[in-house]
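In what follows, a single structure is set out as structure tokens and then discussed.
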Amino acid sequence: MKRREFLGGAGAVGTMGLASGLSVPALLSGVSRAYAAGDDIPVGLLFSLTGAVAVVEHTLHDAALMAIEEINAAGGVHGKPLRAIIEDPASDPATYADRARRLMIRDKCVSVFGSYTSSSRQAVLPIAEQRNNLYWYPTLYEGRECSRNIMYGGAVPNQQQDILLPWLVKNFGKKFYMLGNNYVYPKEENNYCRILLNELGGEVVHEEYMPMGHSDFSSVINRIRAQQPDVIFSTLVGDSDVAFARQYHASELDPAKMPVVSLTRSEVEVRAIGGEAAAGHFSSAPYFMGHDTAENQRFVENYKSRFGGDQVTHFVSEAAYFQVYQFKAALEALDPANISPAAIRDAAVGMTMKAPQGEIEIDENLHTHLWPKVGQWQSDGQAKIILQSETRVVPAPYAAYPGQECTGKGLVKT
Ligand code: ACM
């Protein structure tokens, strides 16, 4: 695979333009001018600043915006500033689709950065594919998707669970209680967890899904008490995770005997839960705020000085930040006369970058090679990293589906 460094020494990698000066996707989609032909480079930010997921998405918006501001302060790309066009889809999947269309067609954005939940990504996907545009999605998700128009910056199940499961079974035991919100992401993660648990001789003692935003966990806690699992395997998101964590703490169940192990809980949820209530439980993620790299120190310092000393960074805001730099590096590798979303995608494949979590790479399947870690939450709201992969891990979005593989040519079935 051809690899190019994101930062420093990136040679100009020209792409052949058409004689008309129009890019292929511009011709196909009827757009009458080349992308980024003006004095600036328009990019969409599609994160909810209002509604149920704003609590997480506003931090993704902030991190992406900060990267844009940093890039512009350093002179922009090809001498042009990035121009952020901000839309608030108000936590509603249909509005994500509508605003994505607006950003890609009316505003001629060369890329759109956005969203947290899989439901919102799935709402944008057909628009990005129809327009042959690029949607940079920073969030961990369930895999089983292989679009050529989505840049997947977050972990897929093998990147969160492969190091986690053997460690959990060894240290806590084989009886798992699965608890998640009722949508595609928790169900697919649990499907993969069952496969690994079977291999490890473990068992699922209970599996249940609560409506999005559900906040009364008294009967769940009664069932947990009755079942006495070794691990509570959680894919609750947002407000539900916060409510469950607080009620678990109030119930005086003991995290040392029956920890909640989450694939979604980050510093931002822990801040809402409170450090005392979160302490002792675990999360699996490629990034924690306390990770010791020069890139992370700079990211955290810049974030706090831009948004306030009490703010936190987390594994999804880290990806929202590094994806803007991946986009910049891909733009820099192109002939400025021939910028298009498809050319940006092709230039980005194989690039490596020193991100706050460690050196990452964009796979030919448009997912990202990441550094899995397991952290234990402390009462100060930070995670102590207790397990870390020795190598960056290749994304396998179809790991739970033998005979299917996401490749540089899309989904291949054997
Ligand atoms: C998610 O819905 N991808 C967390």
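In the structure tokens, chains take letters A, B, ... by order of appearance, with residues numbered from 1 within each chain and ligands from 1 in the order shown.
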
At most 6 Å from ligand 1 (only C-alpha atoms and all ligand atoms): residue list as a ChimeraX atom specification: /A:116-118,139-141,185

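The neighbours of Asp98 of chain A here are the residues that come within 10 Å of it, using only C-alpha atoms and leaving out any residue fewer than 2 positions away in the same chain; they are A:Pro89, A:Pro93, A:Ala94, A:Thr95, A:Tyr96, A:Ala100, A:Arg101, A:Arg102, A:Leu103, A:Ala123, A:Val124, A:Ile127.
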
Give me, as an mmCIF file with all heavy atoms, in the first residue's frame, all polymer residues having an atom no more than 12 Å from segment 217-228 of chain A, counting only C-alpha atoms and skipping those fewer than 6 positions away in the same chain.
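This is the output file part-v8.cif:
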data_model
loop_
_atom_site.group_PDB
_atom_site.id
_atom_site.type_symbol
_atom_site.label_atom_id
_atom_site.label_comp_id
_atom_site.auth_asym_id
_atom_site.auth_seq_id
_atom_site.Cartn_x
_atom_site.Cartn_y
_atom_site.Cartn_z
ATOM 1 N N GLY A 173 -14.628 -12.776 34.947
ATOM 2 C CA GLY A 173 -15.440 -13.987 34.846
ATOM 3 C C GLY A 173 -16.212 -14.050 33.550
ATOM 4 O O GLY A 173 -16.074 -13.196 32.677
ATOM 5 N N LYS A 174 -17.025 -15.097 33.429
ATOM 6 C CA LYS A 174 -17.606 -15.455 32.129
ATOM 7 C C LYS A 174 -19.077 -15.095 31.969
ATOM 8 O O LYS A 174 -19.643 -15.312 30.908
ATOM 9 C CB LYS A 174 -17.447 -16.965 31.930
ATOM 10 C CG LYS A 174 -15.989 -17.394 31.824
ATOM 11 C CD LYS A 174 -15.865 -18.874 31.579
ATOM 12 C CE LYS A 174 -14.416 -19.209 31.261
ATOM 13 N NZ LYS A 174 -14.196 -20.643 31.109
ATOM 14 N N LYS A 175 -19.699 -14.562 33.033
ATOM 15 C CA LYS A 175 -21.143 -14.303 32.936
ATOM 16 C C LYS A 175 -21.387 -12.827 32.606
ATOM 17 O O LYS A 175 -21.103 -11.952 33.422
ATOM 18 C CB LYS A 175 -21.827 -14.666 34.257
ATOM 19 C CG LYS A 175 -21.862 -16.169 34.503
ATOM 20 C CD LYS A 175 -22.828 -16.539 35.624
ATOM 21 C CE LYS A 175 -22.412 -15.969 36.954
ATOM 22 N NZ LYS A 175 -23.338 -16.256 38.047
ATOM 23 N N PHE A 176 -21.920 -12.586 31.427
ATOM 24 C CA PHE A 176 -22.118 -11.210 30.943
ATOM 25 C C PHE A 176 -23.606 -10.851 30.934
ATOM 26 O O PHE A 176 -24.446 -11.647 30.493
ATOM 27 C CB PHE A 176 -21.580 -11.052 29.514
ATOM 28 C CG PHE A 176 -20.094 -10.797 29.439
ATOM 29 C CD1 PHE A 176 -19.197 -11.524 30.212
ATOM 30 C CD2 PHE A 176 -19.597 -9.829 28.576
ATOM 31 C CE1 PHE A 176 -17.827 -11.294 30.123
ATOM 32 C CE2 PHE A 176 -18.234 -9.586 28.482
ATOM 33 C CZ PHE A 176 -17.343 -10.314 29.255
ATOM 34 N N TYR A 177 -23.889 -9.631 31.381
ATOM 35 C CA TYR A 177 -25.237 -9.056 31.296
ATOM 36 C C TYR A 177 -25.155 -7.921 30.286
ATOM 37 O O TYR A 177 -24.447 -6.940 30.501
ATOM 38 C CB TYR A 177 -25.626 -8.522 32.675
ATOM 39 C CG TYR A 177 -27.069 -8.106 32.846
ATOM 40 C CD1 TYR A 177 -27.919 -8.850 33.668
ATOM 41 C CD2 TYR A 177 -27.580 -6.962 32.250
ATOM 42 C CE1 TYR A 177 -29.248 -8.461 33.869
ATOM 43 C CE2 TYR A 177 -28.898 -6.571 32.435
ATOM 44 C CZ TYR A 177 -29.722 -7.326 33.247
ATOM 45 O OH TYR A 177 -31.035 -6.944 33.449
ATOM 46 N N MET A 178 -25.866 -8.068 29.155
ATOM 47 C CA MET A 178 -25.779 -7.055 28.098
ATOM 48 C C MET A 178 -26.899 -6.035 28.246
ATOM 49 O O MET A 178 -28.076 -6.417 28.312
ATOM 50 C CB MET A 178 -25.889 -7.719 26.727
ATOM 51 C CG MET A 178 -24.692 -8.574 26.375
ATOM 52 S SD MET A 178 -25.002 -9.463 24.838
ATOM 53 C CE MET A 178 -23.332 -9.965 24.443
ATOM 54 N N LEU A 179 -26.521 -4.772 28.243
ATOM 55 C CA LEU A 179 -27.494 -3.694 28.430
ATOM 56 C C LEU A 179 -27.196 -2.577 27.432
ATOM 57 O O LEU A 179 -26.078 -2.037 27.414
ATOM 58 C CB LEU A 179 -27.364 -3.161 29.870
ATOM 59 C CG LEU A 179 -28.231 -1.972 30.256
ATOM 60 C CD1 LEU A 179 -29.719 -2.316 30.163
ATOM 61 C CD2 LEU A 179 -27.891 -1.523 31.682
ATOM 62 N N GLY A 180 -28.179 -2.248 26.597
ATOM 63 C CA GLY A 180 -27.946 -1.188 25.607
ATOM 64 C C GLY A 180 -29.217 -0.438 25.282
ATOM 65 O O GLY A 180 -30.295 -0.763 25.792
ATOM 66 N N VAL A 204 -23.969 -15.354 28.022
ATOM 67 C CA VAL A 204 -24.775 -14.145 28.227
ATOM 68 C C VAL A 204 -25.925 -14.534 29.149
ATOM 69 O O VAL A 204 -26.762 -15.359 28.785
ATOM 70 C CB VAL A 204 -25.307 -13.616 26.883
ATOM 71 C CG1 VAL A 204 -26.175 -12.385 27.098
ATOM 72 C CG2 VAL A 204 -24.143 -13.299 25.947
ATOM 73 N N VAL A 205 -25.973 -13.954 30.357
ATOM 74 C CA VAL A 205 -27.035 -14.337 31.291
ATOM 75 C C VAL A 205 -28.306 -13.530 31.049
ATOM 76 O O VAL A 205 -29.392 -13.947 31.425
ATOM 77 C CB VAL A 205 -26.581 -14.203 32.762
ATOM 78 C CG1 VAL A 205 -25.462 -15.186 33.063
ATOM 79 C CG2 VAL A 205 -26.175 -12.781 33.115
ATOM 80 N N HIS A 206 -28.157 -12.369 30.403
ATOM 81 C CA HIS A 206 -29.343 -11.561 30.078
ATOM 82 C C HIS A 206 -28.946 -10.520 29.038
ATOM 83 O O HIS A 206 -27.810 -10.044 29.037
ATOM 84 C CB HIS A 206 -29.869 -10.863 31.339
ATOM 85 C CG HIS A 206 -31.248 -10.295 31.169
ATOM 86 N ND1 HIS A 206 -32.377 -11.065 31.128
ATOM 87 C CD2 HIS A 206 -31.664 -9.012 30.989
ATOM 88 C CE1 HIS A 206 -33.442 -10.303 30.958
ATOM 89 N NE2 HIS A 206 -33.037 -9.039 30.860
ATOM 90 N N GLU A 207 -29.880 -10.179 28.149
ATOM 91 C CA GLU A 207 -29.623 -9.157 27.125
ATOM 92 C C GLU A 207 -30.873 -8.304 27.032
ATOM 93 O O GLU A 207 -31.968 -8.837 26.844
ATOM 94 C CB GLU A 207 -29.338 -9.851 25.786
ATOM 95 C CG GLU A 207 -29.131 -8.903 24.627
ATOM 96 C CD GLU A 207 -28.729 -9.647 23.330
ATOM 97 O OE1 GLU A 207 -28.621 -10.897 23.373
ATOM 98 O OE2 GLU A 207 -28.545 -8.978 22.317
ATOM 99 N N GLU A 208 -30.731 -6.983 27.192
ATOM 100 C CA GLU A 208 -31.932 -6.147 27.079
ATOM 101 C C GLU A 208 -31.600 -4.769 26.529
ATOM 102 O O GLU A 208 -30.472 -4.285 26.653
ATOM 103 C CB GLU A 208 -32.679 -6.043 28.406
ATOM 104 C CG GLU A 208 -31.950 -5.350 29.519
ATOM 105 C CD GLU A 208 -32.777 -5.378 30.801
ATOM 106 O OE1 GLU A 208 -34.001 -5.170 30.731
ATOM 107 O OE2 GLU A 208 -32.183 -5.617 31.870
ATOM 108 N N TYR A 209 -32.623 -4.185 25.894
ATOM 109 C CA TYR A 209 -32.470 -2.902 25.201
ATOM 110 C C TYR A 209 -33.531 -1.929 25.688
ATOM 111 O O TYR A 209 -34.718 -2.260 25.704
ATOM 112 C CB TYR A 209 -32.590 -3.118 23.681
ATOM 113 C CG TYR A 209 -31.486 -4.022 23.172
ATOM 114 C CD1 TYR A 209 -31.714 -5.386 22.971
ATOM 115 C CD2 TYR A 209 -30.204 -3.524 22.967
ATOM 116 C CE1 TYR A 209 -30.687 -6.223 22.546
ATOM 117 C CE2 TYR A 209 -29.177 -4.358 22.549
ATOM 118 C CZ TYR A 209 -29.422 -5.693 22.337
ATOM 119 O OH TYR A 209 -28.407 -6.531 21.933
ATOM 120 N N MET A 210 -33.089 -0.742 26.079
ATOM 121 C CA MET A 210 -33.999 0.271 26.575
ATOM 122 C C MET A 210 -34.207 1.329 25.487
ATOM 123 O O MET A 210 -33.310 1.584 24.680
ATOM 124 C CB MET A 210 -33.405 0.969 27.823
ATOM 125 C CG MET A 210 -32.759 0.015 28.824
ATOM 126 S SD MET A 210 -33.814 -1.376 29.276
ATOM 127 C CE MET A 210 -34.995 -0.573 30.344
ATOM 128 N N PRO A 211 -35.383 1.993 25.480
ATOM 129 C CA PRO A 211 -35.599 3.053 24.484
ATOM 130 C C PRO A 211 -34.543 4.157 24.633
ATOM 131 O O PRO A 211 -34.036 4.374 25.734
ATOM 132 C CB PRO A 211 -36.989 3.597 24.833
ATOM 133 C CG PRO A 211 -37.608 2.568 25.712
ATOM 134 C CD PRO A 211 -36.519 1.805 26.378
ATOM 135 N N LEU A 236 -25.204 1.443 26.379
ATOM 136 C CA LEU A 236 -26.112 2.574 26.571
ATOM 137 C C LEU A 236 -25.418 3.825 26.063
ATOM 138 O O LEU A 236 -24.192 3.960 26.214
ATOM 139 C CB LEU A 236 -26.416 2.755 28.064
ATOM 140 C CG LEU A 236 -27.253 1.661 28.732
ATOM 141 C CD1 LEU A 236 -27.281 1.885 30.243
ATOM 142 C CD2 LEU A 236 -28.676 1.635 28.167
ATOM 143 N N SER A 240 -29.026 8.001 28.782
ATOM 144 C CA SER A 240 -29.330 6.712 29.419
ATOM 145 C C SER A 240 -28.114 6.199 30.182
ATOM 146 O O SER A 240 -28.244 5.681 31.304
ATOM 147 C CB SER A 240 -29.735 5.662 28.378
ATOM 148 O OG SER A 240 -30.971 5.971 27.811
ATOM 149 N N ASP A 241 -26.936 6.338 29.588
ATOM 150 C CA ASP A 241 -25.722 5.877 30.272
ATOM 151 C C ASP A 241 -25.518 6.660 31.569
ATOM 152 O O ASP A 241 -25.180 6.086 32.608
ATOM 153 C CB ASP A 241 -24.512 6.035 29.339
ATOM 154 C CG ASP A 241 -23.233 5.536 29.988
ATOM 155 O OD1 ASP A 241 -23.289 4.463 30.652
ATOM 156 O OD2 ASP A 241 -22.191 6.208 29.865
ATOM 157 N N VAL A 242 -25.746 7.966 31.502
ATOM 158 C CA VAL A 242 -25.548 8.819 32.688
ATOM 159 C C VAL A 242 -26.524 8.398 33.797
ATOM 160 O O VAL A 242 -26.135 8.209 34.960
ATOM 161 C CB VAL A 242 -25.729 10.314 32.312
ATOM 162 C CG1 VAL A 242 -25.704 11.189 33.558
ATOM 163 C CG2 VAL A 242 -24.649 10.741 31.313
ATOM 164 N N ALA A 243 -27.789 8.201 33.437
ATOM 165 C CA ALA A 243 -28.803 7.826 34.431
ATOM 166 C C ALA A 243 -28.486 6.463 35.047
ATOM 167 O O ALA A 243 -28.547 6.287 36.273
ATOM 168 C CB ALA A 243 -30.185 7.793 33.768
ATOM 169 N N PHE A 244 -28.107 5.501 34.196
ATOM 170 C CA PHE A 244 -27.810 4.163 34.714
ATOM 171 C C PHE A 244 -26.615 4.208 35.669
ATOM 172 O O PHE A 244 -26.642 3.589 36.749
ATOM 173 C CB PHE A 244 -27.538 3.191 33.554
ATOM 174 C CG PHE A 244 -27.088 1.832 34.014
ATOM 175 C CD1 PHE A 244 -27.921 1.044 34.799
ATOM 176 C CD2 PHE A 244 -25.827 1.349 33.683
ATOM 177 C CE1 PHE A 244 -27.505 -0.217 35.249
ATOM 178 C CE2 PHE A 244 -25.405 0.104 34.121
ATOM 179 C CZ PHE A 244 -26.242 -0.683 34.913
ATOM 180 N N ALA A 245 -25.585 4.940 35.297
ATOM 181 C CA ALA A 245 -24.382 5.000 36.146
ATOM 182 C C ALA A 245 -24.713 5.574 37.521
ATOM 183 O O ALA A 245 -24.254 5.067 38.553
ATOM 184 C CB ALA A 245 -23.311 5.846 35.462
ATOM 185 N N ARG A 246 -25.533 6.597 37.529
ATOM 186 C CA ARG A 246 -25.884 7.214 38.821
ATOM 187 C C ARG A 246 -26.716 6.246 39.666
ATOM 188 O O ARG A 246 -26.517 6.129 40.875
ATOM 189 C CB ARG A 246 -26.681 8.493 38.578
ATOM 190 C CG ARG A 246 -25.819 9.610 38.023
ATOM 191 C CD ARG A 246 -26.584 10.916 38.157
ATOM 192 N NE ARG A 246 -25.848 12.017 37.580
ATOM 193 C CZ ARG A 246 -26.404 12.974 36.834
ATOM 194 N NH1 ARG A 246 -27.702 12.951 36.592
ATOM 195 N NH2 ARG A 246 -25.676 13.962 36.363
ATOM 196 N N GLN A 247 -27.644 5.542 39.005
ATOM 197 C CA GLN A 247 -28.516 4.634 39.775
ATOM 198 C C GLN A 247 -27.752 3.392 40.228
ATOM 199 O O GLN A 247 -28.002 2.869 41.310
ATOM 200 C CB GLN A 247 -29.747 4.291 38.938
ATOM 201 C CG GLN A 247 -30.687 5.488 38.841
ATOM 202 C CD GLN A 247 -31.681 5.397 37.698
ATOM 203 O OE1 GLN A 247 -32.256 4.345 37.428
ATOM 204 N NE2 GLN A 247 -31.891 6.516 37.020
ATOM 205 N N TYR A 248 -26.825 2.930 39.432
ATOM 206 C CA TYR A 248 -25.954 1.826 39.866
ATOM 207 C C TYR A 248 -25.220 2.257 41.141
ATOM 208 O O TYR A 248 -25.172 1.520 42.127
ATOM 209 C CB TYR A 248 -24.946 1.490 38.760
ATOM 210 C CG TYR A 248 -23.938 0.408 39.123
ATOM 211 C CD1 TYR A 248 -24.001 -0.860 38.526
ATOM 212 C CD2 TYR A 248 -22.924 0.632 40.062
ATOM 213 C CE1 TYR A 248 -23.085 -1.850 38.861
ATOM 214 C CE2 TYR A 248 -22.013 -0.348 40.396
ATOM 215 C CZ TYR A 248 -22.094 -1.583 39.795
ATOM 216 O OH TYR A 248 -21.182 -2.562 40.133
ATOM 217 N N HIS A 249 -24.665 3.466 41.128
ATOM 218 C CA HIS A 249 -23.901 3.962 42.283
ATOM 219 C C HIS A 249 -24.797 4.032 43.520
ATOM 220 O O HIS A 249 -24.416 3.588 44.614
ATOM 221 C CB HIS A 249 -23.333 5.343 41.948
ATOM 222 C CG HIS A 249 -22.427 5.896 42.999
ATOM 223 N ND1 HIS A 249 -21.291 5.246 43.427
ATOM 224 C CD2 HIS A 249 -22.492 7.040 43.731
ATOM 225 C CE1 HIS A 249 -20.692 5.964 44.355
ATOM 226 N NE2 HIS A 249 -21.395 7.052 44.574
ATOM 227 N N ALA A 250 -26.001 4.547 43.340
ATOM 228 C CA ALA A 250 -26.927 4.682 44.467
ATOM 229 C C ALA A 250 -27.357 3.310 44.997
ATOM 230 O O ALA A 250 -27.690 3.168 46.177
ATOM 231 C CB ALA A 250 -28.146 5.486 44.040
ATOM 232 N N SER A 251 -27.321 2.294 44.149
ATOM 233 C CA SER A 251 -27.786 0.962 44.565
ATOM 234 C C SER A 251 -26.761 0.224 45.416
ATOM 235 O O SER A 251 -27.045 -0.829 45.968
ATOM 236 C CB SER A 251 -28.064 0.110 43.321
ATOM 237 O OG SER A 251 -26.822 -0.329 42.782
ATOM 238 N N GLU A 252 -25.552 0.759 45.448
ATOM 239 C CA GLU A 252 -24.446 0.163 46.208
ATOM 240 C C GLU A 252 -24.037 -1.216 45.709
ATOM 241 O O GLU A 252 -23.497 -2.024 46.460
ATOM 242 C CB GLU A 252 -24.745 0.183 47.714
ATOM 243 C CG GLU A 252 -24.774 1.620 48.209
ATOM 244 C CD GLU A 252 -25.126 1.765 49.673
ATOM 245 O OE1 GLU A 252 -25.390 0.737 50.316
ATOM 246 O OE2 GLU A 252 -25.154 2.911 50.131
ATOM 247 N N LEU A 253 -24.306 -1.487 44.437
ATOM 248 C CA LEU A 253 -23.623 -2.628 43.813
ATOM 249 C C LEU A 253 -22.136 -2.277 43.792
ATOM 250 O O LEU A 253 -21.758 -1.103 43.851
ATOM 251 C CB LEU A 253 -24.137 -2.848 42.388
ATOM 252 C CG LEU A 253 -25.579 -3.362 42.262
ATOM 253 C CD1 LEU A 253 -26.047 -3.302 40.810
ATOM 254 C CD2 LEU A 253 -25.701 -4.789 42.791
ATOM 255 N N ASP A 254 -21.291 -3.297 43.652
ATOM 256 C CA ASP A 254 -19.848 -3.060 43.833
ATOM 257 C C ASP A 254 -19.102 -3.201 42.499
ATOM 258 O O ASP A 254 -19.022 -4.298 41.946
ATOM 259 C CB ASP A 254 -19.311 -4.079 44.844
ATOM 260 C CG ASP A 254 -17.837 -3.862 45.144
ATOM 261 O OD1 ASP A 254 -17.235 -2.921 44.571
ATOM 262 O OD2 ASP A 254 -17.286 -4.648 45.942
ATOM 263 N N LYS A 257 -16.676 -6.062 41.963
ATOM 264 C CA LYS A 257 -17.169 -7.434 41.729
ATOM 265 C C LYS A 257 -17.971 -7.521 40.447
ATOM 266 O O LYS A 257 -18.043 -8.572 39.810
ATOM 267 C CB LYS A 257 -18.082 -7.846 42.881
ATOM 268 C CG LYS A 257 -17.382 -7.952 44.218
ATOM 269 C CD LYS A 257 -18.163 -8.902 45.134
ATOM 270 C CE LYS A 257 -17.524 -8.996 46.503
ATOM 271 N NZ LYS A 257 -18.008 -7.950 47.414
ATOM 272 N N MET A 258 -18.626 -6.416 40.078
ATOM 273 C CA MET A 258 -19.563 -6.452 38.948
ATOM 274 C C MET A 258 -19.448 -5.130 38.182
ATOM 275 O O MET A 258 -20.343 -4.298 38.223
ATOM 276 C CB MET A 258 -20.974 -6.598 39.534
ATOM 277 C CG MET A 258 -21.987 -7.180 38.628
ATOM 278 S SD MET A 258 -23.598 -7.051 39.431
ATOM 279 C CE MET A 258 -23.499 -8.300 40.695
ATOM 280 N N PRO A 259 -18.327 -4.918 37.486
ATOM 281 C CA PRO A 259 -18.134 -3.606 36.855
ATOM 282 C C PRO A 259 -19.027 -3.407 35.634
ATOM 283 O O PRO A 259 -19.385 -4.366 34.958
ATOM 284 C CB PRO A 259 -16.659 -3.661 36.426
ATOM 285 C CG PRO A 259 -16.385 -5.102 36.212
ATOM 286 C CD PRO A 259 -17.213 -5.851 37.231
ATOM 287 N N VAL A 260 -19.360 -2.154 35.386
ATOM 288 C CA VAL A 260 -19.961 -1.785 34.105
ATOM 289 C C VAL A 260 -18.797 -1.559 33.146
ATOM 290 O O VAL A 260 -17.873 -0.799 33.433
ATOM 291 C CB VAL A 260 -20.781 -0.488 34.226
ATOM 292 C CG1 VAL A 260 -21.319 -0.067 32.854
ATOM 293 C CG2 VAL A 260 -21.919 -0.676 35.223
#

Pull the helix (DSSP H, G or I) assignments for segment 214-317 of chain A out of DSSP run on the backbone, and list those residues as number ranges by chain. A: 218-227, 238-251, 267-273, 275-278, 294-307, 315-317

Out of segment 97-312 of chain A, which residues get strand (DSSP E) from DSSP, as a compact mmCIF listing (two decimals) with N, CA and C atoms, in the first residue's frame?
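part35.txt, written as the output of this step:
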# COMPACT_ATOMS: atom_id res chain seq x y z
N VAL A 112 -18.29 17.00 4.25
CA VAL A 112 -19.09 17.38 5.42
C VAL A 112 -18.62 16.53 6.59
N PHE A 113 -18.44 17.16 7.74
CA PHE A 113 -18.02 16.47 8.97
C PHE A 113 -19.24 16.40 9.87
N GLY A 114 -19.55 15.20 10.39
CA GLY A 114 -20.74 15.21 11.23
C GLY A 114 -21.07 13.96 12.00
N TYR A 135 -18.55 12.16 3.60
CA TYR A 135 -19.04 12.43 4.95
C TYR A 135 -18.03 11.87 5.94
N TRP A 136 -17.41 12.74 6.73
CA TRP A 136 -16.38 12.31 7.70
C TRP A 136 -17.08 12.08 9.02
N TYR A 137 -17.14 10.81 9.42
CA TYR A 137 -17.93 10.39 10.59
C TYR A 137 -16.95 9.94 11.69
N ILE A 150 -18.10 7.53 2.85
CA ILE A 150 -18.00 7.86 4.27
C ILE A 150 -16.58 7.56 4.73
N MET A 151 -15.98 8.52 5.42
CA MET A 151 -14.66 8.33 6.02
C MET A 151 -14.91 8.01 7.49
N TYR A 152 -14.61 6.77 7.87
CA TYR A 152 -14.97 6.28 9.19
C TYR A 152 -13.79 6.47 10.16
N LYS A 175 -19.70 -14.56 33.03
CA LYS A 175 -21.14 -14.30 32.94
C LYS A 175 -21.39 -12.83 32.61
N PHE A 176 -21.92 -12.59 31.43
CA PHE A 176 -22.12 -11.21 30.94
C PHE A 176 -23.61 -10.85 30.93
N TYR A 177 -23.89 -9.63 31.38
CA TYR A 177 -25.24 -9.06 31.30
C TYR A 177 -25.15 -7.92 30.29
N MET A 178 -25.87 -8.07 29.16
CA MET A 178 -25.78 -7.05 28.10
C MET A 178 -26.90 -6.04 28.25
N LEU A 179 -26.52 -4.77 28.24
CA LEU A 179 -27.49 -3.69 28.43
C LEU A 179 -27.20 -2.58 27.43
N GLY A 180 -28.18 -2.25 26.60
CA GLY A 180 -27.95 -1.19 25.61
C GLY A 180 -29.22 -0.44 25.28
N ASN A 181 -29.09 0.60 24.47
CA ASN A 181 -30.27 1.28 23.94
C ASN A 181 -30.78 0.51 22.72
N GLU A 203 -20.74 -16.82 28.75
CA GLU A 203 -22.18 -16.91 28.47
C GLU A 203 -22.86 -15.56 28.73
N VAL A 204 -23.97 -15.35 28.02
CA VAL A 204 -24.77 -14.15 28.23
C VAL A 204 -25.92 -14.53 29.15
N VAL A 205 -25.97 -13.95 30.36
CA VAL A 205 -27.04 -14.34 31.29
C VAL A 205 -28.31 -13.53 31.05
N HIS A 206 -28.16 -12.37 30.40
CA HIS A 206 -29.34 -11.56 30.08
C HIS A 206 -28.95 -10.52 29.04
N GLU A 207 -29.88 -10.18 28.15
CA GLU A 207 -29.62 -9.16 27.13
C GLU A 207 -30.87 -8.30 27.03
N GLU A 208 -30.73 -6.98 27.19
CA GLU A 208 -31.93 -6.15 27.08
C GLU A 208 -31.60 -4.77 26.53
N TYR A 209 -32.62 -4.19 25.89
CA TYR A 209 -32.47 -2.90 25.20
C TYR A 209 -33.53 -1.93 25.69
N MET A 210 -33.09 -0.74 26.08
CA MET A 210 -34.00 0.27 26.58
C MET A 210 -34.21 1.33 25.49
N VAL A 231 -19.90 -9.31 34.66
CA VAL A 231 -19.65 -8.08 33.90
C VAL A 231 -20.99 -7.54 33.40
N ILE A 232 -21.18 -6.23 33.53
CA ILE A 232 -22.33 -5.59 32.88
C ILE A 232 -21.77 -4.92 31.62
N PHE A 233 -22.12 -5.48 30.48
CA PHE A 233 -21.53 -5.04 29.21
C PHE A 233 -22.47 -4.00 28.61
N SER A 234 -22.05 -2.74 28.64
CA SER A 234 -22.98 -1.65 28.33
C SER A 234 -22.73 -0.97 26.99
N THR A 235 -23.82 -0.83 26.24
CA THR A 235 -23.81 -0.01 25.03
C THR A 235 -24.93 1.02 25.14
N VAL A 260 -19.36 -2.15 35.39
CA VAL A 260 -19.96 -1.78 34.10
C VAL A 260 -18.80 -1.56 33.15
N VAL A 261 -18.84 -2.26 32.03
CA VAL A 261 -17.79 -2.12 31.01
C VAL A 261 -18.45 -1.55 29.76
N SER A 262 -18.09 -0.34 29.42
CA SER A 262 -18.82 0.38 28.39
C SER A 262 -17.99 0.56 27.12
N PHE A 282 -15.19 0.55 33.79
CA PHE A 282 -14.22 0.52 32.69
C PHE A 282 -14.85 0.98 31.36
N SER A 283 -13.99 1.50 30.49
CA SER A 283 -14.38 1.74 29.10
C SER A 283 -13.29 1.24 28.19
N SER A 284 -13.69 0.82 26.99
CA SER A 284 -12.74 0.46 25.95
C SER A 284 -12.81 1.53 24.87
N ALA A 285 -11.67 2.11 24.53
CA ALA A 285 -11.65 3.22 23.56
C ALA A 285 -10.23 3.37 23.02

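Across the structure, atom CA of Pro286 of chain A and atom CA of Tyr321 of chain A are spaced 14.0 Å apart.
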
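Distance check against Gly275 of chain A using only C-alpha atoms: of A:Phe288, A:Phe322, A:Trp377, A:Phe327, the minimum falls on A:Trp377.
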
Skipping near chain neighbours, those fewer than 2 positions away, what residues fall within 7 Å of Gln357 of chain A using only C-alpha atoms, listed as a PyMOL selection string? chain A and resi 286-287+291+296+355+371

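Between atom CA of Pro186 of chain A and atom CA of Glu269 of chain A the interatomic distance comes to 17.0 Å.
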
What is the distance, in Å and to one decimal place, between atom CA of Asp92 of chain A and atom CA of Ile273 of chain A? 24.5 Å

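Shortest atom-to-atom contact with Glu70 of chain A among A:Arg298, A:Lys170, A:Glu332, A:Arg131: A:Arg298, counting only C-alpha atoms.
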
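By chain and then residue number, the residues within 6 Å of segment 155-159 of chain A are Leu140, Tyr141, Glu142, Gly143, Gln161, Asp162, Pro372 and Pro397 of chain A, counting only C-alpha atoms and disregarding those fewer than 2 positions away in sequence.
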
Just to be explicit: take each residue in the selection above, keep C-alpha atoms, and write the result as a JSON list (two decimals), in the first residue's frame.
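Here's the written file again03.json:
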[["chain", "number", "residue", "atom", "x", "y", "z"],
["A", 140, "LEU", "CA", -17.33, 4.40, 17.06],
["A", 141, "TYR", "CA", -19.97, 2.32, 15.32],
["A", 142, "GLU", "CA", -21.17, -1.22, 14.66],
["A", 143, "GLY", "CA", -19.43, -1.90, 11.31],
["A", 161, "GLN", "CA", -13.60, -5.74, 21.81],
["A", 162, "ASP", "CA", -10.68, -7.94, 20.70],
["A", 372, "PRO", "CA", -7.34, 0.06, 21.34],
["A", 397, "PRO", "CA", -16.06, -3.83, 9.78]]

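Each of A:Asn198, A:Ser115, A:Asn191, A:Asn171 was checked against Arg144 of chain A using only C-alpha atoms; the smallest atom-to-atom distance is that of A:Asn191.
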